[in-house]
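Have a look at the structure below, then the notes.
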Amino acid sequence: MIIGSIISGTILSLDGLWGLAGWQWLFILEAVPAIVLGVVVARCLTDRPEVAHWLSPAQRAWLAGEIERDAAQRVANRAPQMTVWQTLFDRRVLFLALVSASTTTVSTALAIWQPIIVRGFGLSYVETGFVNALPYVAACVAMVLWGRNSDRTGERLWHNALPMMVVVVGFAGLLVFTSLWLSVALLTLVMVGTYACKGPFWAMSSEWLPRSAAAAGLAQISAVANLAGFFASYLIGAIKDATGSYPLSLVPLMLLCAAGTVALIYLAFRLPPATQSGGS
């Protein structure tokens with residue numbers, strides 16, 4: 001998002017070149033590398049490490065051995081399996097899905113709408129690209145440092161809850177302050193909170209889910225979160241069209257993040273980790 005914001009802003013400034021709109025140039029120029037890379041990956045990637053020609057013989061042998069050892073260990077430690085329906089309706093999975101949806105919705109929706117909000121202050125496309133990158137620079141640093149601190153201390157709950165509270169505060173501030181740089185500062189606060197808790201969240205989810213439900217549970221959490229982000233993007237546009245206000249259109253994101261924070265704290269104090277309690 002840091003690099004893409006700057007590149008996208010520059011491409012949009014090509015508006016009118018060869019009769020194409022800036023957004024058309026954006027689609028063309030940013031699609032070409034993905035298409036080329038897709039072809040390259042399809043030709044170069046292999047199904048098994050034994051035939052990965054870019055690895056040395058020693059590396060291939062080591063990796064194949066590690067995969068076999070891991071598979072044998074999973075069989076030896078296999079716990080009773082939960083059914084698909086048990087996993088789908090496991091309380092931990094549902095609560096964690098809500099928590100994940102609250103932050104994923106913010107990052108997904110703002111990836112689309114934040115550049116439009118910033119450009120609304122009268123900036124050019126190139127200026128918008130650079131200003132829009134600033135919150136992501138801060139978020140990138142915070143994500144690494146906060147995740148590292150969570151691993152160092154072993155604490156997960158408040159390494160998730162505190163950043164989510166910061167997101168709520170940032171959105172609340174956008175309802176009050178309307179100047180460019182205060183808005184950018186508040187959007188930065190939102191992004192820092194959103195991305196800082198991503199690492200600790202997935203670590204916590206892996207630790208809290210029953211082993212037999214971990215794979216399916218993590219998949220469901222991710223699916224629900226991304227689905228919520230998809231619909232939130234449309235909701236923001238609908239509220240903006242109805243009210244003419246971008247800050248008001250972001251209120252559902254604030255409320256969802258507040259609900260996710262409450263759900264997280266409830267989960268921590270009412271539903272102990274499955275790895276400790278032994279059940280769901």
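Lettering and numbering for the structure tokens are positional, with chains as A, B, ... in the shown order, residues counted from 1 in each chain, and ligands counted from 1 in the shown order.
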Find the nearest atom pair between each residue of region 110-223 of chain A and region 248-252 of chain A for residues within 10 Å, count only C-alpha atoms, give distances in Å to one decimal, sort rows by chain and ascending number, and present the table as a Markdown table.
| residue | atom | partner | partner_atom | distance |
| --- | --- | --- | --- | --- |
| A:Leu110 | CA | A:Leu250 | CA | 9.2 |
| A:Trp113 | CA | A:Leu250 | CA | 9.7 |
| A:Val168 | CA | A:Val251 | CA | 9.3 |
| A:Phe171 | CA | A:Leu250 | CA | 7.1 |
| A:Ala172 | CA | A:Val251 | CA | 8.0 |
| A:Leu174 | CA | A:Leu250 | CA | 8.7 |
| A:Leu175 | CA | A:Leu248 | CA | 6.9 |
Need the shell around region 180-193 of chain A: protein/DNA/RNA residues with any atom at most 7 Å away, counting only C-alpha atoms. Skip same-chain ones fewer than 2 positions apart. Format as a ChimeraX atom specification?
/A:121,135-136,138-139,142,163-164,166-167,170-171,173-174,177-178,195-197
For those residues, write C-alpha atoms to a file as an mmCIF file, in the first residue's frame.
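Below you can see selection-v5.cif, which holds the result:
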data_model
loop_
_atom_site.group_PDB
_atom_site.id
_atom_site.type_symbol
_atom_site.label_atom_id
_atom_site.label_comp_id
_atom_site.auth_asym_id
_atom_site.auth_seq_id
_atom_site.Cartn_x
_atom_site.Cartn_y
_atom_site.Cartn_z
ATOM 1 C CA PHE A 121 -9.228 18.025 0.277
ATOM 2 C CA PRO A 135 -0.646 6.108 7.297
ATOM 3 C CA TYR A 136 0.696 2.863 5.842
ATOM 4 C CA ALA A 138 3.370 4.256 10.299
ATOM 5 C CA ALA A 139 1.238 1.086 10.236
ATOM 6 C CA ALA A 142 3.807 -0.428 14.283
ATOM 7 C CA PRO A 163 -4.935 -1.349 19.018
ATOM 8 C CA MET A 164 -8.641 -1.946 18.347
ATOM 9 C CA VAL A 166 -7.087 3.067 19.107
ATOM 10 C CA VAL A 167 -9.031 2.429 15.873
ATOM 11 C CA GLY A 170 -9.341 7.499 15.478
ATOM 12 C CA PHE A 171 -12.735 7.105 13.817
ATOM 13 C CA GLY A 173 -11.913 11.927 15.959
ATOM 14 C CA LEU A 174 -12.761 12.023 12.257
ATOM 15 C CA PHE A 177 -11.937 17.284 13.070
ATOM 16 C CA THR A 178 -12.147 18.108 9.369
ATOM 17 C CA TYR A 195 -2.360 -3.410 11.367
ATOM 18 C CA ALA A 196 -0.653 -3.588 14.776
ATOM 19 C CA CYS A 197 -3.030 -6.292 15.984
#
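Compared by their closest atoms to Pro49 (chain A), and using only C-alpha atoms, the residues A:Asn132, A:Cys257, A:Ile35, A:Ile67 rank with A:Ile67 nearest.
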